[in-house]
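Chemist: Please find start_33.tsv (TSV, N, CA and C atoms and all ligand atoms) on the next line:
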```
chain	number	residue	atom	x	y	z
A	1	MET	N	55.83	-145.55	-53.49
A	1	MET	CA	56.26	-145.29	-54.88
A	1	MET	C	55.20	-145.82	-55.85
A	2	ARG	N	54.79	-144.97	-56.73
A	2	ARG	CA	53.78	-145.37	-57.70
A	2	ARG	C	54.43	-146.23	-58.78
A	3	GLN	N	53.69	-147.25	-59.20
A	3	GLN	CA	54.22	-148.11	-60.24
A	3	GLN	C	53.31	-148.09	-61.45
A	4	GLU	N	53.92	-148.29	-62.61
A	4	GLU	CA	53.09	-148.47	-63.79
A	4	GLU	C	53.64	-149.62	-64.60
A	5	LEU	N	52.74	-150.28	-65.30
A	5	LEU	CA	53.12	-151.47	-66.04
A	5	LEU	C	53.51	-151.09	-67.46
A	6	LYS	N	54.75	-151.37	-67.81
A	6	LYS	CA	55.22	-151.10	-69.17
A	6	LYS	C	55.17	-152.38	-69.97
A	7	PRO	N	54.32	-152.46	-70.98
A	7	PRO	CA	54.24	-153.70	-71.76
A	7	PRO	C	55.49	-153.91	-72.61
A	8	LEU	N	55.86	-155.17	-72.75
A	8	LEU	CA	57.04	-155.52	-73.54
A	8	LEU	C	56.62	-156.07	-74.89
A	9	PHE	N	57.50	-155.90	-75.86
A	9	PHE	CA	57.33	-156.46	-77.19
A	9	PHE	C	55.98	-156.07	-77.78
A	10	ASP	N	55.18	-157.07	-78.19
A	10	ASP	CA	53.94	-156.75	-78.89
A	10	ASP	C	52.74	-156.74	-77.95
A	11	ARG	N	53.00	-156.50	-76.66
A	11	ARG	CA	51.88	-156.49	-75.72
A	11	ARG	C	51.36	-155.07	-75.50
A	12	VAL	N	50.11	-155.02	-75.11
A	12	VAL	CA	49.51	-153.74	-74.78
A	12	VAL	C	48.84	-153.86	-73.42
A	13	VAL	N	48.75	-152.75	-72.71
A	13	VAL	CA	48.06	-152.70	-71.43
A	13	VAL	C	46.75	-151.95	-71.65
A	14	ILE	N	45.67	-152.57	-71.20
A	14	ILE	CA	44.34	-152.04	-71.45
A	14	ILE	C	43.57	-151.89	-70.15
A	15	LYS	N	42.88	-150.78	-70.03
A	15	LYS	CA	41.97	-150.58	-68.90
A	15	LYS	C	40.55	-150.80	-69.41
A	16	GLU	N	39.85	-151.71	-68.75
A	16	GLU	CA	38.51	-152.05	-69.21
A	16	GLU	C	37.55	-150.88	-69.01
A	17	LEU	N	36.72	-150.67	-70.00
A	17	LEU	CA	35.71	-149.62	-69.89
A	17	LEU	C	34.51	-150.13	-69.12
A	18	GLU	N	33.89	-149.26	-68.36
A	18	GLU	CA	32.67	-149.61	-67.65
A	18	GLU	C	31.58	-149.95	-68.66
A	19	PRO	N	30.77	-150.98	-68.38
A	19	PRO	CA	29.70	-151.36	-69.30
A	19	PRO	C	28.79	-150.18	-69.66
A	20	ASP	N	28.58	-149.27	-68.72
A	20	ASP	CA	27.75	-148.10	-68.99
A	20	ASP	C	28.28	-147.29	-70.16
A	21	ARG	N	29.60	-147.12	-70.17
A	21	ARG	CA	30.19	-146.33	-71.24
A	21	ARG	C	30.10	-147.04	-72.57
A	22	VAL	N	30.17	-148.35	-72.53
A	22	VAL	CA	30.05	-149.10	-73.76
A	22	VAL	C	28.67	-148.90	-74.36
A	23	ARG	N	27.67	-148.97	-73.48
A	23	ARG	CA	26.30	-148.76	-73.97
A	23	ARG	C	26.14	-147.35	-74.53
A	24	ALA	N	26.78	-146.37	-73.87
A	24	ALA	CA	26.68	-145.00	-74.33
A	24	ALA	C	27.30	-144.82	-75.70
A	25	SER	N	28.30	-145.66	-76.03
A	25	SER	CA	28.95	-145.52	-77.33
A	25	SER	C	28.09	-146.09	-78.44
A	26	GLY	N	27.00	-146.76	-78.08
A	26	GLY	CA	26.03	-147.16	-79.09
A	26	GLY	C	26.25	-148.54	-79.68
A	27	LEU	N	27.30	-149.22	-79.24
A	27	LEU	CA	27.54	-150.54	-79.80
A	27	LEU	C	26.67	-151.55	-79.08
A	28	VAL	N	25.90	-152.31	-79.84
A	28	VAL	CA	25.00	-153.28	-79.24
A	28	VAL	C	25.60	-154.68	-79.38
A	29	VAL	N	25.71	-155.35	-78.26
A	29	VAL	CA	26.21	-156.72	-78.29
A	29	VAL	C	25.03	-157.63	-78.58
A	30	PRO	N	25.11	-158.42	-79.66
A	30	PRO	CA	23.98	-159.27	-80.01
A	30	PRO	C	23.69	-160.31	-78.95
A	31	GLY	N	22.43	-160.58	-78.70
A	31	GLY	CA	22.06	-161.56	-77.69
A	31	GLY	C	21.98	-162.94	-78.29
A	32	GLY	N	21.65	-163.92	-77.45
A	32	GLY	CA	21.43	-165.27	-77.93
A	32	GLY	C	22.69	-166.08	-78.10
A	33	SER	N	23.84	-165.51	-77.77
A	33	SER	CA	25.07	-166.27	-77.90
A	33	SER	C	25.55	-166.69	-76.51
A	34	HIS	N	26.07	-167.89	-76.42
A	34	HIS	CA	26.56	-168.36	-75.13
A	34	HIS	C	28.01	-167.95	-74.88
A	35	GLU	N	28.65	-167.45	-75.92
A	35	GLU	CA	30.02	-166.99	-75.73
A	35	GLU	C	30.01	-165.64	-75.03
A	36	ALA	N	31.02	-165.41	-74.22
A	36	ALA	CA	31.14	-164.12	-73.56
A	36	ALA	C	31.33	-163.04	-74.63
A	37	PRO	N	30.62	-161.93	-74.47
A	37	PRO	CA	30.71	-160.88	-75.48
A	37	PRO	C	32.09	-160.23	-75.46
A	38	PRO	N	32.50	-159.63	-76.58
A	38	PRO	CA	33.78	-158.92	-76.58
A	38	PRO	C	33.78	-157.80	-75.56
A	39	GLN	N	34.94	-157.52	-75.04
A	39	GLN	CA	35.08	-156.50	-74.02
A	39	GLN	C	35.63	-155.21	-74.65
A	40	HIS	N	35.37	-154.13	-73.96
A	40	HIS	CA	35.86	-152.84	-74.42
A	40	HIS	C	36.89	-152.30	-73.45
A	41	GLY	N	37.86	-151.58	-73.98
A	41	GLY	CA	38.85	-150.98	-73.10
A	41	GLY	C	39.57	-149.84	-73.78
A	42	ILE	N	40.33	-149.14	-72.97
A	42	ILE	CA	41.15	-148.04	-73.46
A	42	ILE	C	42.61	-148.46	-73.33
A	43	VAL	N	43.36	-148.30	-74.39
A	43	VAL	CA	44.78	-148.65	-74.37
A	43	VAL	C	45.52	-147.65	-73.49
A	44	LEU	N	46.23	-148.18	-72.49
A	44	LEU	CA	47.02	-147.32	-71.60
A	44	LEU	C	48.46	-147.21	-72.07
A	45	ALA	N	49.01	-148.33	-72.48
A	45	ALA	CA	50.42	-148.34	-72.86
A	45	ALA	C	50.64	-149.40	-73.93
A	46	VAL	N	51.60	-149.15	-74.78
A	46	VAL	CA	51.87	-150.02	-75.92
A	46	VAL	C	53.34	-150.40	-75.91
A	47	GLY	N	53.61	-151.69	-76.10
A	47	GLY	CA	54.99	-152.14	-76.19
A	47	GLY	C	55.65	-151.62	-77.45
A	48	SER	N	56.94	-151.85	-77.53
A	48	SER	CA	57.68	-151.28	-78.66
A	48	SER	C	57.50	-152.10	-79.93
A	49	GLY	N	56.86	-153.27	-79.81
A	49	GLY	CA	56.60	-154.07	-80.99
A	49	GLY	C	57.67	-155.12	-81.20
A	50	ILE	N	57.34	-156.09	-82.03
A	50	ILE	CA	58.35	-157.07	-82.43
A	50	ILE	C	58.38	-157.09	-83.95
A	51	ASP	N	59.43	-157.66	-84.47
A	51	ASP	CA	59.57	-157.73	-85.92
A	51	ASP	C	58.69	-158.85	-86.45
A	52	TRP	N	57.40	-158.52	-86.62
A	52	TRP	CA	56.43	-159.55	-87.02
A	52	TRP	C	56.78	-160.19	-88.35
A	53	TRP	N	56.78	-159.33	-89.37
A	53	TRP	CA	57.08	-159.78	-90.71
A	53	TRP	C	57.96	-158.72	-91.34
A	54	GLU	N	58.71	-159.11	-92.29
A	54	GLU	CA	59.60	-158.18	-92.95
A	54	GLU	C	58.86	-156.94	-93.45
A	55	SER	N	57.67	-157.17	-93.99
A	55	SER	CA	56.96	-156.04	-94.59
A	55	SER	C	56.29	-155.17	-93.54
A	56	ALA	N	55.88	-155.80	-92.44
A	56	ALA	CA	55.14	-155.05	-91.42
A	56	ALA	C	56.06	-154.33	-90.46
A	57	GLY	N	57.26	-154.86	-90.28
A	57	GLY	CA	58.20	-154.24	-89.35
A	57	GLY	C	57.72	-154.32	-87.93
A	58	VAL	N	58.03	-153.30	-87.15
A	58	VAL	CA	57.72	-153.34	-85.73
A	58	VAL	C	56.63	-152.35	-85.34
A	59	LYS	N	55.99	-151.73	-86.31
A	59	LYS	CA	55.02	-150.68	-86.01
A	59	LYS	C	53.80	-151.27	-85.30
A	60	MET	N	53.43	-150.71	-84.17
A	60	MET	CA	52.26	-151.17	-83.43
A	60	MET	C	51.02	-150.42	-83.94
A	61	PRO	N	49.93	-151.15	-84.18
A	61	PRO	CA	48.76	-150.55	-84.80
A	61	PRO	C	47.84	-149.80	-83.84
A	62	VAL	N	48.14	-149.79	-82.55
A	62	VAL	CA	47.31	-149.04	-81.60
A	62	VAL	C	48.18	-148.06	-80.83
A	63	ARG	N	47.51	-147.04	-80.31
A	63	ARG	CA	48.20	-146.03	-79.50
A	63	ARG	C	47.47	-145.87	-78.17
A	64	PRO	N	48.17	-145.36	-77.16
A	64	PRO	CA	47.47	-145.07	-75.91
A	64	PRO	C	46.27	-144.16	-76.17
A	65	GLY	N	45.16	-144.48	-75.54
A	65	GLY	CA	43.96	-143.70	-75.74
A	65	GLY	C	42.98	-144.33	-76.72
A	66	ASP	N	43.45	-145.29	-77.50
A	66	ASP	CA	42.56	-145.96	-78.44
A	66	ASP	C	41.49	-146.76	-77.69
A	67	HIS	N	40.28	-146.72	-78.22
A	67	HIS	CA	39.17	-147.54	-77.69
A	67	HIS	C	39.18	-148.86	-78.45
A	68	VAL	N	39.56	-149.91	-77.76
A	68	VAL	CA	39.72	-151.19	-78.44
A	68	VAL	C	38.68	-152.20	-77.95
A	69	VAL	N	38.42	-153.19	-78.80
A	69	VAL	CA	37.52	-154.29	-78.46
A	69	VAL	C	38.34	-155.57	-78.50
A	70	PHE	N	38.14	-156.42	-77.50
A	70	PHE	CA	38.92	-157.64	-77.42
A	70	PHE	C	38.04	-158.76	-76.91
A	71	PRO	N	38.36	-160.02	-77.25
A	71	PRO	CA	37.54	-161.13	-76.76
A	71	PRO	C	37.72	-161.30	-75.26
A	72	ALA	N	36.69	-161.83	-74.62
A	72	ALA	CA	36.74	-162.01	-73.16
A	72	ALA	C	37.89	-162.91	-72.75
A	73	SER	N	38.34	-163.74	-73.69
A	73	SER	CA	39.41	-164.70	-73.37
A	73	SER	C	40.80	-164.12	-73.56
A	74	ALA	N	40.89	-162.87	-73.99
A	74	ALA	CA	42.20	-162.31	-74.35
A	74	ALA	C	43.08	-162.07	-73.14
A	75	GLY	N	44.34	-162.35	-73.31
A	75	GLY	CA	45.39	-161.91	-72.39
A	75	GLY	C	45.23	-162.37	-70.95
A	76	VAL	N	45.87	-161.63	-70.09
A	76	VAL	CA	45.89	-161.93	-68.65
A	76	VAL	C	45.55	-160.66	-67.89
A	77	TRP	N	44.68	-160.81	-66.89
A	77	TRP	CA	44.34	-159.67	-66.04
A	77	TRP	C	45.33	-159.58	-64.90
A	78	VAL	N	45.85	-158.40	-64.69
A	78	VAL	CA	46.78	-158.18	-63.59
A	78	VAL	C	46.32	-156.99	-62.78
A	79	GLU	N	46.75	-156.96	-61.54
A	79	GLU	CA	46.40	-155.82	-60.71
A	79	GLU	C	47.64	-154.97	-60.46
A	80	VAL	N	47.57	-153.71	-60.84
A	80	VAL	CA	48.68	-152.78	-60.62
A	80	VAL	C	48.11	-151.53	-59.98
A	81	GLU	N	48.66	-151.15	-58.86
A	81	GLU	CA	48.17	-149.96	-58.16
A	81	GLU	C	46.66	-150.02	-57.94
A	82	GLU	N	46.22	-151.21	-57.54
A	82	GLU	CA	44.81	-151.46	-57.24
A	82	GLU	C	43.89	-151.26	-58.43
A	83	GLU	N	44.47	-151.34	-59.61
A	83	GLU	CA	43.66	-151.24	-60.82
A	83	GLU	C	43.77	-152.54	-61.59
A	84	ARG	N	42.62	-153.03	-62.07
A	84	ARG	CA	42.62	-154.27	-62.84
A	84	ARG	C	42.92	-153.93	-64.29
A	85	LEU	N	44.02	-154.46	-64.78
A	85	LEU	CA	44.44	-154.14	-66.14
A	85	LEU	C	44.59	-155.41	-66.95
A	86	LEU	N	44.33	-155.31	-68.23
A	86	LEU	CA	44.51	-156.44	-69.13
A	86	LEU	C	45.82	-156.26	-69.89
A	87	VAL	N	46.61	-157.32	-69.88
A	87	VAL	CA	47.82	-157.33	-70.72
A	87	VAL	C	47.61	-158.39	-71.77
A	88	CYS	N	47.63	-158.00	-73.02
A	88	CYS	CA	47.47	-158.99	-74.08
A	88	CYS	C	48.33	-158.62	-75.28
A	89	ARG	N	48.51	-159.57	-76.14
A	89	ARG	CA	49.25	-159.30	-77.37
A	89	ARG	C	48.36	-158.46	-78.27
A	90	VAL	N	48.99	-157.59	-78.99
A	90	VAL	CA	48.22	-156.68	-79.84
A	90	VAL	C	47.43	-157.45	-80.90
A	91	THR	N	47.93	-158.63	-81.26
A	91	THR	CA	47.24	-159.43	-82.28
A	91	THR	C	45.96	-160.06	-81.73
A	92	GLU	N	45.78	-160.04	-80.41
A	92	GLU	CA	44.54	-160.57	-79.83
A	92	GLU	C	43.39	-159.57	-79.92
A	93	LEU	N	43.73	-158.31	-80.13
A	93	LEU	CA	42.68	-157.29	-80.20
A	93	LEU	C	41.83	-157.53	-81.44
A	94	LEU	N	40.53	-157.28	-81.29
A	94	LEU	CA	39.62	-157.47	-82.41
A	94	LEU	C	39.58	-156.25	-83.30
A	95	GLY	N	39.77	-155.09	-82.71
A	95	GLY	CA	39.74	-153.88	-83.52
A	95	GLY	C	39.72	-152.64	-82.66
A	96	VAL	N	39.81	-151.52	-83.35
A	96	VAL	CA	39.76	-150.21	-82.70
A	96	VAL	C	38.42	-149.58	-83.05
A	97	LEU	N	37.71	-149.15	-82.03
A	97	LEU	CA	36.42	-148.52	-82.24
A	97	LEU	C	36.65	-147.04	-82.51
A	98	THR	N	36.25	-146.60	-83.70
A	98	THR	CA	36.47	-145.20	-84.04
A	98	THR	C	35.14	-144.50	-84.25
A	99	ALA	N	35.11	-143.24	-83.93
A	99	ALA	CA	33.89	-142.46	-84.10
A	99	ALA	C	33.72	-142.10	-85.58
A	100	VAL	N	32.52	-142.26	-86.07
A	100	VAL	CA	32.22	-141.88	-87.44
A	100	VAL	C	31.61	-140.49	-87.40
A	101	LYS	N	32.26	-139.57	-88.07
A	101	LYS	CA	31.74	-138.20	-88.09
A	101	LYS	C	30.47	-138.18	-88.93
A	102	ASP	N	29.40	-137.66	-88.37
A	102	ASP	CA	28.16	-137.56	-89.13
A	102	ASP	C	28.33	-136.55	-90.25
A	103	CYS	N	27.89	-136.94	-91.42
A	103	CYS	CA	27.98	-136.08	-92.59
A	103	CYS	C	26.96	-134.95	-92.46
A	104	VAL	N	27.39	-133.71	-92.71
A	104	VAL	CA	26.48	-132.57	-92.56
A	104	VAL	C	25.35	-132.62	-93.58
A	105	ALA	N	25.60	-133.29	-94.70
A	105	ALA	CA	24.61	-133.29	-95.77
A	105	ALA	C	23.54	-134.36	-95.60
A	106	CYS	N	23.88	-135.49	-95.01
A	106	CYS	CA	22.93	-136.61	-95.04
A	106	CYS	C	22.72	-137.30	-93.69
A	107	ALA	N	23.38	-136.82	-92.64
A	107	ALA	CA	23.32	-137.55	-91.36
A	107	ALA	C	21.90	-137.65	-90.80
A	108	ASP	N	21.08	-136.65	-91.08
A	108	ASP	CA	19.76	-136.61	-90.46
A	108	ASP	C	18.66	-137.21	-91.33
A	109	ARG	N	19.03	-137.85	-92.41
A	109	ARG	CA	17.98	-138.47	-93.21
A	109	ARG	C	18.42	-139.84	-93.72
A	110	LEU	N	17.42	-140.65	-94.05
A	110	LEU	CA	17.66	-141.99	-94.56
A	110	LEU	C	17.80	-141.89	-96.08
A	111	LEU	N	18.86	-142.47	-96.61
A	111	LEU	CA	19.02	-142.47	-98.06
A	111	LEU	C	18.23	-143.63	-98.66
A	112	LEU	N	17.63	-143.38	-99.81
A	112	LEU	CA	16.87	-144.42	-100.48
A	112	LEU	C	17.83	-145.39	-101.16
A	113	PRO	N	17.38	-146.63	-101.37
A	113	PRO	CA	18.25	-147.58	-102.09
A	113	PRO	C	18.65	-146.99	-103.45
A	114	GLY	N	19.92	-147.03	-103.76
A	114	GLY	CA	20.40	-146.49	-105.03
A	114	GLY	C	20.82	-145.04	-104.95
A	115	GLU	N	20.33	-144.33	-103.93
A	115	GLU	CA	20.69	-142.93	-103.77
A	115	GLU	C	22.05	-142.85	-103.08
A	116	SER	N	22.84	-141.83	-103.42
A	116	SER	CA	24.11	-141.66	-102.70
A	116	SER	C	24.32	-140.19	-102.38
A	117	CYS	N	25.05	-139.96	-101.31
A	117	CYS	CA	25.31	-138.60	-100.86
A	117	CYS	C	26.50	-138.02	-101.63
A	118	ASP	N	26.33	-136.80	-102.15
A	118	ASP	CA	27.41	-136.19	-102.92
A	118	ASP	C	28.58	-135.79	-102.03
A	119	VAL	N	28.31	-135.59	-100.75
A	119	VAL	CA	29.35	-135.08	-99.85
A	119	VAL	C	30.23	-136.21	-99.30
A	120	CYS	N	29.58	-137.26	-98.74
A	120	CYS	CA	30.37	-138.30	-98.07
A	120	CYS	C	30.40	-139.60	-98.86
A	121	GLY	N	29.54	-139.73	-99.87
A	121	GLY	CA	29.55	-140.94	-100.67
A	121	GLY	C	28.74	-142.08	-100.10
A	122	ARG	N	28.08	-141.85	-98.96
A	122	ARG	CA	27.25	-142.90	-98.36
A	122	ARG	C	26.11	-143.24	-99.31
A	123	THR	N	25.80	-144.52	-99.41
A	123	THR	CA	24.74	-144.94	-100.31
A	123	THR	C	23.56	-145.49	-99.52
A	124	GLY	N	22.45	-145.59	-100.21
A	124	GLY	CA	21.21	-146.00	-99.56
A	124	GLY	C	21.24	-147.40	-99.00
A	125	SER	N	22.13	-148.22	-99.50
A	125	SER	CA	22.17	-149.60	-99.03
A	125	SER	C	22.96	-149.75	-97.75
A	126	ASP	N	23.68	-148.69	-97.36
A	126	ASP	CA	24.48	-148.77	-96.13
A	126	ASP	C	23.57	-149.00	-94.93
A	127	VAL	N	23.98	-149.88	-94.06
A	127	VAL	CA	23.24	-150.12	-92.83
A	127	VAL	C	23.83	-149.22	-91.75
A	128	ARG	N	22.98	-148.35	-91.23
A	128	ARG	CA	23.44	-147.45	-90.17
A	128	ARG	C	22.83	-147.87	-88.84
A	129	ARG	N	23.63	-147.85	-87.77
A	129	ARG	CA	23.11	-148.19	-86.46
A	129	ARG	C	22.97	-146.95	-85.63
B	1	ZN	ZN	26.67	-137.59	-96.61
```
Go ahead and render the structure in this file as structure tokens.
Modeler:
Amino acid sequence: MRQELKPLFDRVVIKELEPDRVRASGLVVPGGSHEAPPQHGIVLAVGSGIDWWESAGVKMPVRPGDHVVFPASAGVWVEVEEERLLVCRVTELLGVLTAVKDCVACADRLLLPGESCDVCGRTGSDVRR
């Protein structure tokens, strides 16, 4: 019988991305730090949430399929169906990595300081990686 891990409350289940794929996504982990670099993963399952604050309610800010970044110290690694999965609280996540759509008007050129794109609003001072 196949099993799957259903996270409870504000926990999420994450499958770690292969380092190769992280490099392909273009994010560069800065060197020179002795701390373990943040890890990348794909959200597999999301708990139903807890009533964090009156204003925030129980809405979980990530969905299955999201590419998330989390500290190496986050959560607990468990093995389910021979797969190593991370279970952590959603508040431990550092963020969701989203793709930035290249602007058709300015993606292929460098904007000068003070110049801005009429289409996307990007300005010359923006640092692009
Ligand atoms: Zn633009």
Chemist: Which residues of chain A come within 7 Å of ligand ZN 1 (chain B), and for each one, what is the closest pair of atoms and their distance in Å to one decimal, counting all atoms listed in the file, sorted by chain and residue number, as JSON lines?
Modeler:
```
{"residue": "A:Asp102", "atom": "C", "partner": "B:ZN1", "partner_atom": "ZN", "distance": 6.7}
{"residue": "A:Cys103", "atom": "CA", "partner": "B:ZN1", "partner_atom": "ZN", "distance": 4.5}
{"residue": "A:Val104", "atom": "N", "partner": "B:ZN1", "partner_atom": "ZN", "distance": 5.5}
{"residue": "A:Ala105", "atom": "C", "partner": "B:ZN1", "partner_atom": "ZN", "distance": 4.6}
{"residue": "A:Cys106", "atom": "N", "partner": "B:ZN1", "partner_atom": "ZN", "distance": 3.8}
{"residue": "A:Ala107", "atom": "N", "partner": "B:ZN1", "partner_atom": "ZN", "distance": 5.2}
{"residue": "A:Ser116", "atom": "C", "partner": "B:ZN1", "partner_atom": "ZN", "distance": 6.8}
{"residue": "A:Cys117", "atom": "CA", "partner": "B:ZN1", "partner_atom": "ZN", "distance": 4.6}
{"residue": "A:Asp118", "atom": "N", "partner": "B:ZN1", "partner_atom": "ZN", "distance": 5.6}
{"residue": "A:Val119", "atom": "C", "partner": "B:ZN1", "partner_atom": "ZN", "distance": 4.7}
{"residue": "A:Cys120", "atom": "N", "partner": "B:ZN1", "partner_atom": "ZN", "distance": 3.6}
{"residue": "A:Gly121", "atom": "N", "partner": "B:ZN1", "partner_atom": "ZN", "distance": 4.8}
{"residue": "A:Arg122", "atom": "N", "partner": "B:ZN1", "partner_atom": "ZN", "distance": 5.1}
```
Chemist: Please indicate the distance in Å from atom CA of Gly114 of chain A to atom C of Lys101 of chain A, rounded to one decimal place.
Modeler: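 Going from atom CA of Gly114 of chain A over to atom C of Lys101 of chain A, I get 20.7 Å.
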Chemist: Give me, as JSON, numbers by chain, the residues of chain A that a backbone DSSP run labels alpha helix (DSSP H).
Modeler: {"A": [19, 20, 21, 22, 23, 24]}
Chemist: Mind giving me the straight-line distance from atom C of Gly57 of chain A to atom N of Arg11 of chain A in Å, one decimal?
Modeler: 12.4 Å
Chemist: Can you work out which one of A:Glu16, A:Val68, A:Glu79, A:Leu8 has the shortest atom-to-atom distance to Gly49 of chain A, counting all atoms listed in the file?
Modeler: A:Leu8
Chemist: Under the rule that only N, CA and C atoms are counted, which of A:Arg2, A:Arg84, A:Lys59, A:Arg89 is the nearest residue to Lys15 of chain A?
Modeler: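 Result for the nearest residue to Lys15 of chain A: A:Arg84.
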Chemist: Just checking: using only N, CA and C atoms, which residue out of A:Ala72, A:Leu110, A:Met60, A:Ile42 ends up closest to Leu17 of chain A?
Modeler: A:Ile42
Chemist: May I ask which of the residues A:Val69, A:His40, A:Ser48, A:Val80 is the closest one to Val96 of chain A, counting all atoms listed in the file?
Modeler: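 Result for the nearest residue to Val96 of chain A: A:Val69.
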Chemist: I'd like the interatomic distance between atom CA of Cys88 of chain A and atom CA of Asp10 of chain A, to a tenth of an Å.
Modeler: 8.4 Å
Chemist: Rank nothing, just name the residue among A:Glu81, A:Val58, A:Val87, A:Glu115 nearest to Gln3 of chain A, using only C-alpha atoms.
Modeler: A:Glu81
